[in-house]
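Data file: coords31.cif. Format and content: mmCIF, C-alpha atoms and all ligand atoms.
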data_final
loop_
_atom_site.label_atom_id
_atom_site.label_comp_id
_atom_site.auth_asym_id
_atom_site.auth_seq_id
_atom_site.Cartn_x
_atom_site.Cartn_y
_atom_site.Cartn_z
CA MET L 383 0.43 -29.30 22.16
CA LYS L 384 1.15 -25.83 20.90
CA MET L 385 1.66 -27.14 17.37
CA ILE L 386 -1.65 -28.98 17.39
CA LYS L 387 -3.41 -25.80 18.47
CA THR L 388 -1.78 -23.79 15.70
CA SER L 389 -2.71 -26.27 13.00
CA LEU L 390 -6.29 -26.44 14.26
CA ALA L 391 -6.51 -22.67 14.07
CA MET L 392 -5.22 -22.82 10.50
CA VAL L 393 -7.82 -25.43 9.54
CA THR L 394 -10.54 -23.18 10.95
CA VAL L 395 -9.30 -20.20 8.96
CA PHE L 396 -9.15 -22.34 5.83
CA ALA L 397 -12.68 -23.67 6.38
CA MET L 398 -13.98 -20.14 6.86
CA GLY L 399 -12.36 -19.18 3.59
CA LEU L 400 -14.14 -22.01 1.81
CA SER L 401 -17.54 -21.21 3.24
CA THR L 402 -17.44 -17.57 2.15
CA SER L 403 -16.09 -18.25 -1.32
CA VAL L 404 -18.30 -19.02 -4.28
CA LEU L 405 -17.13 -21.41 -6.97
CA ALA L 406 -17.65 -20.49 -10.60
CA THR L 407 -18.23 -23.28 -13.07
CA GLY L 408 -19.94 -21.32 -15.82
CA ASP L 409 -20.26 -21.69 -19.58
CA ALA L 410 -18.03 -19.03 -21.16
CA ALA L 411 -19.81 -19.12 -24.56
CA LYS L 412 -23.17 -18.35 -22.95
CA GLY L 413 -21.51 -15.65 -20.88
CA GLN L 414 -20.06 -14.05 -23.99
CA GLU L 415 -23.55 -13.72 -25.51
CA ILE L 416 -24.79 -11.67 -22.56
CA ALA L 417 -21.53 -9.72 -22.37
CA ALA L 418 -21.66 -8.72 -26.05
CA GLY L 419 -25.21 -7.44 -25.70
CA VAL L 420 -25.12 -5.73 -22.31
CA CYS L 421 -21.65 -5.24 -20.86
CA ALA L 422 -19.29 -4.61 -23.80
CA GLY L 423 -20.13 -0.92 -24.10
CA CYS L 424 -18.48 -0.19 -20.77
CA HIS L 425 -16.11 -3.13 -20.15
CA GLY L 426 -14.90 -3.77 -23.73
CA ALA L 427 -15.82 -6.71 -25.99
CA ASP L 428 -13.09 -8.89 -24.45
CA GLY L 429 -13.26 -7.40 -20.96
CA ASN L 430 -10.43 -4.93 -21.55
CA SER L 431 -12.07 -1.57 -20.88
CA ILE L 432 -10.65 1.49 -22.60
CA ILE L 433 -12.41 3.93 -20.26
CA PRO L 434 -10.40 4.67 -17.08
CA ASN L 435 -13.45 4.69 -14.76
CA PHE L 436 -14.68 1.30 -15.93
CA PRO L 437 -12.67 -1.66 -14.68
CA SER L 438 -11.11 -4.23 -16.97
CA LEU L 439 -12.52 -7.66 -16.20
CA ALA L 440 -10.39 -9.80 -18.57
CA GLY L 441 -8.33 -12.43 -16.77
CA GLN L 442 -9.92 -11.74 -13.38
CA GLN L 443 -10.58 -14.75 -11.14
CA PRO L 444 -14.02 -16.25 -11.78
CA GLU L 445 -14.79 -16.62 -8.05
CA TYR L 446 -14.11 -12.93 -7.45
CA LEU L 447 -16.18 -11.87 -10.49
CA LEU L 448 -19.12 -14.02 -9.40
CA LYS L 449 -18.92 -12.65 -5.86
CA GLN L 450 -19.05 -9.06 -7.14
CA LEU L 451 -21.97 -9.72 -9.50
CA MET L 452 -23.98 -11.34 -6.72
CA GLU L 453 -23.17 -8.48 -4.35
CA PHE L 454 -24.17 -5.76 -6.85
CA LYS L 455 -27.65 -7.31 -6.95
CA ALA L 456 -30.13 -5.47 -4.74
CA ASP L 457 -32.34 -7.41 -2.31
CA GLU L 458 -36.11 -6.91 -2.06
CA ASN L 459 -35.52 -3.70 -0.07
CA GLY L 460 -33.35 -2.28 -2.85
CA VAL L 461 -30.15 -2.66 -0.82
CA ALA L 462 -27.04 -4.18 -2.43
CA VAL L 463 -23.96 -5.39 -0.54
CA ARG L 464 -21.82 -3.49 -3.09
CA ASN L 465 -23.89 -0.51 -4.08
CA ASN L 466 -23.17 1.09 -7.42
CA ALA L 467 -25.52 3.18 -9.55
CA ALA L 468 -24.11 1.83 -12.82
CA MET L 469 -23.86 -1.85 -11.88
CA THR L 470 -26.84 -2.52 -9.63
CA PRO L 471 -29.37 -2.11 -12.50
CA MET L 472 -27.11 -4.17 -14.83
CA VAL L 473 -27.39 -7.29 -12.69
CA ALA L 474 -31.05 -6.90 -11.68
CA GLU L 475 -32.32 -9.35 -14.31
CA LEU L 476 -29.41 -11.79 -14.19
CA SER L 477 -29.80 -15.26 -12.66
CA LYS L 478 -26.98 -16.87 -10.67
CA GLU L 479 -26.32 -19.09 -13.69
CA ASP L 480 -25.99 -16.04 -15.98
CA MET L 481 -23.50 -14.62 -13.50
CA GLU L 482 -21.48 -17.84 -13.44
CA ASN L 483 -21.39 -17.82 -17.24
CA LEU L 484 -20.27 -14.18 -17.34
CA ALA L 485 -17.60 -14.87 -14.72
CA ALA L 486 -16.31 -17.82 -16.77
CA PHE L 487 -16.23 -15.71 -19.95
CA TYR L 488 -14.28 -12.77 -18.50
CA ALA L 489 -11.91 -15.06 -16.58
CA SER L 490 -11.03 -16.81 -19.87
CA GLN L 491 -10.03 -13.56 -21.60
CA LYS L 492 -6.48 -12.18 -21.56
CA ARG L 493 -5.82 -8.95 -19.65
CA ALA L 494 -4.10 -6.42 -21.94
CA PRO L 495 -1.11 -4.73 -20.31
CA GLY L 496 -1.90 -1.27 -18.96
CA LYS L 497 0.12 1.82 -19.90
CA VAL L 498 2.90 2.66 -17.42
CA PRO L 499 2.05 6.19 -16.16
CA ASP L 500 4.49 8.96 -17.13
CA ASP L 501 5.26 10.14 -13.59
CA SER L 502 8.21 7.87 -12.77
CA ASP L 503 8.64 9.16 -9.16
CA LEU L 504 5.01 8.31 -8.43
CA VAL L 505 5.36 4.86 -9.96
CA ALA L 506 8.61 4.24 -8.00
CA LEU L 507 6.89 5.11 -4.69
CA GLY L 508 3.96 2.88 -5.64
CA LYS L 509 6.31 -0.01 -6.34
CA ILE L 510 7.87 0.26 -2.86
CA LEU L 511 4.44 0.33 -1.22
CA TYR L 512 3.04 -2.51 -3.29
CA HIS L 513 5.92 -4.88 -2.50
CA GLY L 514 7.01 -3.70 0.94
CA GLY L 515 4.18 -1.64 2.43
CA ASN L 516 5.06 1.25 4.75
CA ILE L 517 6.63 -0.20 7.89
CA GLU L 518 6.56 3.17 9.68
CA ASN L 519 2.78 3.59 9.36
CA GLY L 520 1.95 -0.11 9.46
CA VAL L 521 0.58 -0.30 5.89
CA PRO L 522 0.89 -3.96 4.79
CA ALA L 523 2.42 -4.93 1.46
CA CYS L 524 -0.25 -5.37 -1.22
CA ALA L 525 1.84 -8.24 -2.62
CA SER L 526 1.16 -10.36 0.46
CA CYS L 527 -2.48 -10.78 -0.58
CA HIS L 528 -2.59 -9.76 -4.26
CA GLY L 529 0.62 -11.61 -5.21
CA PRO L 530 4.03 -10.29 -6.27
CA THR L 531 2.96 -9.97 -9.91
CA GLY L 532 -0.55 -8.69 -9.13
CA THR L 533 -2.32 -11.80 -10.40
CA GLY L 534 -4.06 -12.23 -7.04
CA ILE L 535 -4.53 -15.44 -5.07
CA PRO L 536 -7.71 -17.42 -5.84
CA PRO L 537 -10.40 -17.55 -4.68
CA ARG L 538 -10.48 -14.49 -2.41
CA TYR L 539 -7.77 -12.06 -3.47
CA PRO L 540 -8.48 -10.42 -6.84
CA ALA L 541 -5.95 -9.75 -9.60
CA LEU L 542 -4.96 -6.09 -9.84
CA ALA L 543 -2.19 -6.00 -12.49
CA GLY L 544 -2.91 -3.70 -15.45
CA GLN L 545 -6.08 -2.21 -13.94
CA HIS L 546 -6.85 1.46 -14.72
CA ALA L 547 -5.30 3.73 -12.08
CA ASP L 548 -8.49 5.83 -11.93
CA TYR L 549 -10.66 2.82 -11.14
CA THR L 550 -8.21 1.50 -8.51
CA MET L 551 -7.98 4.92 -6.87
CA THR L 552 -11.78 5.14 -6.72
CA GLN L 553 -12.02 1.72 -5.04
CA LEU L 554 -9.32 2.61 -2.50
CA ASP L 555 -11.27 5.76 -1.63
CA LEU L 556 -14.56 3.85 -1.40
CA PHE L 557 -13.02 1.27 0.98
CA ASN L 558 -11.39 4.10 2.94
CA LYS L 559 -14.65 6.01 3.38
CA GLY L 560 -16.50 2.81 4.27
CA GLU L 561 -18.68 3.11 1.16
CA ARG L 562 -17.46 -0.22 -0.24
CA THR L 563 -17.83 -2.75 2.53
CA ASN L 564 -17.86 -6.15 0.81
CA ASP L 565 -14.27 -6.92 1.85
CA ASN L 566 -14.83 -8.28 5.38
CA LYS L 567 -13.06 -5.10 6.53
CA VAL L 568 -9.77 -6.41 5.12
CA MET L 569 -9.17 -3.57 2.65
CA GLN L 570 -10.72 -1.04 5.01
CA GLN L 571 -8.03 -2.00 7.58
CA VAL L 572 -5.27 -1.78 4.97
CA LEU L 573 -6.34 1.76 4.08
CA THR L 574 -6.78 3.31 7.52
CA ARG L 575 -3.11 4.28 7.64
CA MET L 576 -2.50 5.15 3.98
CA SER L 577 -2.12 8.75 2.79
CA GLY L 578 -3.75 10.15 -0.34
CA ALA L 579 -0.35 10.37 -2.02
CA GLU L 580 0.32 6.71 -1.22
CA LYS L 581 -3.03 5.66 -2.68
CA ARG L 582 -2.32 7.57 -5.90
CA ALA L 583 1.19 6.10 -6.12
CA VAL L 584 0.14 2.49 -5.66
CA SER L 585 -2.74 2.92 -8.15
CA ALA L 586 -0.28 4.27 -10.75
CA TYR L 587 2.13 1.39 -10.17
CA ILE L 588 -0.64 -1.23 -10.47
CA GLN L 589 -1.71 0.13 -13.90
CA GLY L 590 1.76 -0.57 -15.30
CA MET L 591 2.14 -4.04 -13.75
CA HIS L 592 2.04 -7.00 -16.10
C1 LIG C 601 -22.89 1.80 -18.03
C2 LIG C 601 -21.60 1.16 -17.89
C3 LIG C 601 -21.56 -0.28 -17.40
C4 LIG C 601 -22.18 -1.37 -17.95
C5 LIG C 601 -23.09 -1.43 -19.18
C6 LIG C 601 -21.74 -2.52 -17.18
N1 LIG C 601 -20.88 -2.12 -16.19
FE1 LIG C 601 -19.90 -3.32 -14.87
N2 LIG C 601 -19.07 -1.70 -13.96
C7 LIG C 601 -19.31 -0.39 -14.31
C8 LIG C 601 -18.69 0.50 -13.34
C9 LIG C 601 -18.72 2.01 -13.34
C10 LIG C 601 -18.07 -0.34 -12.36
C11 LIG C 601 -17.31 0.09 -11.12
C12 LIG C 601 -18.27 0.14 -9.96
C13 LIG C 601 -17.67 0.69 -8.69
O1 LIG C 601 -17.00 1.71 -8.73
O2 LIG C 601 -17.87 0.05 -7.65
C14 LIG C 601 -18.33 -1.72 -12.81
C15 LIG C 601 -17.88 -2.84 -12.13
C16 LIG C 601 -18.09 -4.14 -12.52
C17 LIG C 601 -17.55 -5.32 -11.86
C18 LIG C 601 -16.63 -5.32 -10.66
C19 LIG C 601 -15.19 -5.37 -11.13
C20 LIG C 601 -14.17 -5.45 -10.03
O3 LIG C 601 -12.98 -5.51 -10.37
O4 LIG C 601 -14.53 -5.47 -8.84
C21 LIG C 601 -17.99 -6.40 -12.56
C22 LIG C 601 -17.69 -7.86 -12.26
C23 LIG C 601 -18.82 -5.92 -13.65
N3 LIG C 601 -18.85 -4.55 -13.61
C24 LIG C 601 -19.47 -6.73 -14.57
C25 LIG C 601 -20.39 -6.26 -15.52
C26 LIG C 601 -21.23 -7.12 -16.31
C27 LIG C 601 -21.18 -8.64 -16.28
C28 LIG C 601 -22.01 -6.31 -17.09
C29 LIG C 601 -23.09 -6.71 -18.08
C30 LIG C 601 -24.15 -7.56 -17.53
C31 LIG C 601 -21.65 -4.94 -16.79
N4 LIG C 601 -20.68 -4.96 -15.82
C32 LIG C 601 -22.17 -3.82 -17.40
C33 LIG C 601 -19.99 0.04 -15.44
C34 LIG C 601 -20.76 -0.75 -16.28
C1 LIG C 602 -4.72 -8.94 4.03
C2 LIG C 602 -4.99 -9.09 2.61
C3 LIG C 602 -4.97 -7.86 1.74
C4 LIG C 602 -3.97 -6.89 1.65
C5 LIG C 602 -2.68 -6.78 2.47
C6 LIG C 602 -4.37 -6.01 0.58
N1 LIG C 602 -5.57 -6.41 0.04
FE1 LIG C 602 -6.61 -5.50 -1.47
N2 LIG C 602 -8.14 -6.86 -1.29
C7 LIG C 602 -8.17 -7.89 -0.39
C8 LIG C 602 -9.42 -8.62 -0.54
C9 LIG C 602 -9.87 -9.83 0.25
C10 LIG C 602 -10.14 -7.99 -1.58
C11 LIG C 602 -11.49 -8.42 -2.18
C12 LIG C 602 -12.68 -7.76 -1.56
C13 LIG C 602 -13.97 -8.31 -2.19
O1 LIG C 602 -14.21 -9.50 -2.10
O2 LIG C 602 -14.70 -7.52 -2.78
C14 LIG C 602 -9.30 -6.86 -2.03
C15 LIG C 602 -9.67 -5.98 -3.03
C16 LIG C 602 -8.86 -4.95 -3.47
C17 LIG C 602 -9.22 -4.03 -4.54
C18 LIG C 602 -10.51 -4.03 -5.34
C19 LIG C 602 -10.25 -4.71 -6.67
C20 LIG C 602 -11.33 -4.49 -7.69
O3 LIG C 602 -11.15 -4.99 -8.81
O4 LIG C 602 -12.31 -3.78 -7.41
C21 LIG C 602 -8.15 -3.19 -4.71
C22 LIG C 602 -8.04 -2.05 -5.72
C23 LIG C 602 -7.15 -3.55 -3.74
N3 LIG C 602 -7.60 -4.64 -2.99
C24 LIG C 602 -5.92 -2.93 -3.64
C25 LIG C 602 -4.97 -3.20 -2.64
C26 LIG C 602 -3.76 -2.43 -2.44
C27 LIG C 602 -3.33 -1.26 -3.29
C28 LIG C 602 -3.11 -2.98 -1.36
C29 LIG C 602 -1.83 -2.51 -0.70
C30 LIG C 602 -1.81 -1.15 -0.22
C31 LIG C 602 -3.94 -4.10 -0.89
N4 LIG C 602 -5.05 -4.21 -1.70
C32 LIG C 602 -3.62 -4.92 0.18
C33 LIG C 602 -7.17 -8.22 0.50
C34 LIG C 602 -5.98 -7.52 0.73
#
How does this structure look as structure tokens?
Amino acid sequence: MKMIKTSLAMVTVFAMGLSTSVLATGDAAKGQEIAAGVCAGCHGADGNSIIPNFPSLAGQQPEYLLKQLMEFKADENGVAVRNNAAMTPMVAELSKEDMENLAAFYASQKRAPGKVPDDSDLVALGKILYHGGNIENGVPACASCHGPTGTGIPPRYPALAGQHADYTMTQLDLFNKGERTNDNKVMQQVLTRMSGAEKRAVSAYIQGMH
């Protein structure tokens, strides 16, 4: 009886996952046309950004990219699920199909390896946190959701490997302050018990992962 209950609970969780995920089946060539005209200046022609505040998009999961693009779009009251002054105007004129095409294009590109930061103590601490968490404070291992090599787990858990440390740090702060809230409170929970030093360390480690 107990086993049946457990498996039912798992089916429910799985079904919930499906209903909140969005499947991307876009046309990468059409996506590239929009990307070259509008997005390349900040995110790089192939989705590898060279500016530390602008995230690299190359090789990211299409479902995650599509979810973000839809959530940057403001509703009729001007409110976006993921509010960002740079991105909200960028997606204002895009249709869902445009977004699917963009997601397919960036997902098909190869993520360039990020530079391993010079501070080896910081990177070493970040590595411990990423793979093992902090048992004392109850910080979970990032690897359990974002994968041991940082490639993420489709469709819900984004790839992190090689991402700019500055961008990652900004997102961790935004989740922590409750200013980025499109994570179903998952990342917000992860961050409640993390120190500033831990956030910097794990961001540094992620940049050098490949
Ligand atoms: C003026 C610079 C700029 C331009 C142009 C721009 N972006 Fe962005 N983009 C940003 C910034 C800054 C962020 C990070 C936002 C944040 O901190 O939440 C971002 C974030 C994103 C994200 C979320 C990435 C992640 O890992 O969560 C996606 C997807 C994205 N942009 C796609 C696009 C697309 C597609 C276009 C073209 C239609 C575009 N961007 C044009 C600056 C730009
Ligand atoms: C229980 C699962 C889980 C754990 C553990 C977890 N994450 Fe996440 N993380 C998520 C989910 C889900 C999202 C996607 C939120 C969304 O859809 O926008 C996310 C998003 C992120 C993002 C935003 C990515 C982007 O491109 O903007 C970063 C950065 C991040 N996580 C870092 C971490 C770090 C660092 C750790 C370890 C300290 C961690 N995560 C642990 C589930 C998790």
- Task: Find the residues near region 537-551 of chain L: any atom within 6 Å, counting only C-alpha atoms, skip ones fewer than 6 places away on the same chain, and give them as a list in words.
- Result: Pro434, Asn435, Gln442, Glu445, Pro495, Gly496, His528, Ser585, Ala586, Ile588, Gln589, Gly590, Met591 and His592 of chain L
- So how many Å separate CA of Leu554 (chain L) and atom C5 of ligand LIG 602 (chain C), to one decimal?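 Computing the Euclidean distance for CA of Leu554 (chain L) and atom C5 of ligand LIG 602 (chain C) yields 12.5 Å.
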- Gap from CA of Gln443 (chain L) to atom C28 of ligand LIG 602 (chain C) - Å, one decimal: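 Distance between the two atoms: 17.0 Å.
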Each residue of chain L lying at most 6 Å from ligand LIG 602 (chain C) should get a row with its shortest atom-to-atom pair and the distance in Å to one decimal, counting all atoms listed in the file; could you produce that, ordered by chain and increasing number, as JSON lines?
{"residue": "L:Tyr512", "atom": "CA", "partner": "C:LIG602", "partner_atom": "C29", "distance": 5.5}
{"residue": "L:Pro522", "atom": "CA", "partner": "C:LIG602", "partner_atom": "C5", "distance": 5.1}
{"residue": "L:Ala523", "atom": "CA", "partner": "C:LIG602", "partner_atom": "C29", "distance": 5.3}
{"residue": "L:Cys524", "atom": "CA", "partner": "C:LIG602", "partner_atom": "C29", "distance": 3.3}
{"residue": "L:Ser526", "atom": "CA", "partner": "C:LIG602", "partner_atom": "C5", "distance": 5.6}
{"residue": "L:Cys527", "atom": "CA", "partner": "C:LIG602", "partner_atom": "C2", "distance": 4.4}
{"residue": "L:Arg538", "atom": "CA", "partner": "C:LIG602", "partner_atom": "C9", "distance": 5.4}
{"residue": "L:Tyr539", "atom": "CA", "partner": "C:LIG602", "partner_atom": "C8", "distance": 4.8}
{"residue": "L:Pro540", "atom": "CA", "partner": "C:LIG602", "partner_atom": "C11", "distance": 5.9}
{"residue": "L:Thr550", "atom": "CA", "partner": "C:LIG602", "partner_atom": "C22", "distance": 4.5}
{"residue": "L:Gln553", "atom": "CA", "partner": "C:LIG602", "partner_atom": "C22", "distance": 5.5}
{"residue": "L:Leu554", "atom": "CA", "partner": "C:LIG602", "partner_atom": "C22", "distance": 5.8}
{"residue": "L:Asn564", "atom": "CA", "partner": "C:LIG602", "partner_atom": "O2", "distance": 5.0}
{"residue": "L:Asp565", "atom": "CA", "partner": "C:LIG602", "partner_atom": "C12", "distance": 3.9}
{"residue": "L:Val568", "atom": "CA", "partner": "C:LIG602", "partner_atom": "C33", "distance": 5.6}
{"residue": "L:Met569", "atom": "CA", "partner": "C:LIG602", "partner_atom": "FE1", "distance": 5.2}
{"residue": "L:Val572", "atom": "CA", "partner": "C:LIG602", "partner_atom": "C32", "distance": 6.0}
{"residue": "L:Val584", "atom": "CA", "partner": "C:LIG602", "partner_atom": "C27", "distance": 5.6}
Output C-alpha atoms for every residue in the selection just made, as a PDB file, in the coordinates of the input.
ATOM      1  CA  TYR L 512       3.040  -2.510  -3.290  1.00  0.00           C
ATOM      2  CA  PRO L 522       0.890  -3.960   4.790  1.00  0.00           C
ATOM      3  CA  ALA L 523       2.420  -4.930   1.460  1.00  0.00           C
ATOM      4  CA  CYS L 524      -0.250  -5.370  -1.220  1.00  0.00           C
ATOM      5  CA  SER L 526       1.160 -10.360   0.460  1.00  0.00           C
ATOM      6  CA  CYS L 527      -2.480 -10.780  -0.580  1.00  0.00           C
ATOM      7  CA  ARG L 538     -10.480 -14.490  -2.410  1.00  0.00           C
ATOM      8  CA  TYR L 539      -7.770 -12.060  -3.470  1.00  0.00           C
ATOM      9  CA  PRO L 540      -8.480 -10.420  -6.840  1.00  0.00           C
ATOM     10  CA  THR L 550      -8.210   1.500  -8.510  1.00  0.00           C
ATOM     11  CA  GLN L 553     -12.020   1.720  -5.040  1.00  0.00           C
ATOM     12  CA  LEU L 554      -9.320   2.610  -2.500  1.00  0.00           C
ATOM     13  CA  ASN L 564     -17.860  -6.150   0.810  1.00  0.00           C
ATOM     14  CA  ASP L 565     -14.270  -6.920   1.850  1.00  0.00           C
ATOM     15  CA  VAL L 568      -9.770  -6.410   5.120  1.00  0.00           C
ATOM     16  CA  MET L 569      -9.170  -3.570   2.650  1.00  0.00           C
ATOM     17  CA  VAL L 572      -5.270  -1.780   4.970  1.00  0.00           C
ATOM     18  CA  VAL L 584       0.140   2.490  -5.660  1.00  0.00           C
TER      19      VAL L 584
END
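When all atoms listed in the file are used to measure the gap to Gly532 (chain L), the shortest distance among L:His513, L:Ser477, L:Thr574, L:Ala462 belongs to L:His513.
Taking all atoms listed in the file into account, ligand LIG 601 (chain C) lies nearest to L:Thr552 out of the set L:Ser577, L:Ser431, L:Asn459, L:Thr552.
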- What is the distance between CA of Gly578 (chain L) and CA of Gly529 (chain L), in Å to one decimal?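 Separation of CA of Gly578 (chain L) and CA of Gly529 (chain L): 22.7 Å.
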- Message: Let me see if you get this right: every residue at most 9 Å from ligand LIG 601 (chain C), counting only C-alpha atoms and all ligand atoms, written as a PyMOL selection string.
- Response: chain L and resi 413+416-425+429+435-439+442+446-451+454+464-473+475-476+480-481+484-485+488+540-542+545+549-550+552-553+556+562
- Message: For a quick check of understanding, using all atoms listed in the file, which of L:Tyr587, L:Thr531, L:Ala579, L:Ala486 has the smallest distance to Ile510 (chain L)?
- Response: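 Result for the nearest residue to Ile510 (chain L): L:Tyr587.
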Mind working out the centre and edge lengths of an axis-aligned box for region 505-518 of chain L, all listed atoms inside, 5 Å added to each side, rounded to one decimal in Å and written as AutoDock Vina command-line options?
--center_x 5.8 --center_y 0.1 --center_z -0.1 --size_x 15.6 --size_y 20.0 --size_z 29.6
- Item | Residue neighbourhood Val505 (chain L), 8 Å, all atoms listed in the file, exclusion window fewer than 2 positions, as a list in words |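 Those residues are Pro499, Asp501, Ser502, Asp503, Leu507, Gly508, Lys509, Ala583, Val584, Ala586 and Tyr587 of chain L.
For the choices L:Ile433, L:Val521, L:Lys478, L:Gln414, the atom-to-atom distance to Lys455 (chain L) is smallest for L:Lys478 when using all atoms listed in the file.
Minimum atom-to-atom distance to Asn519 (chain L), evaluated using only C-alpha atoms, belongs to L:Met576 out of L:Ile432, L:Met576, L:Val498, L:Ala411.
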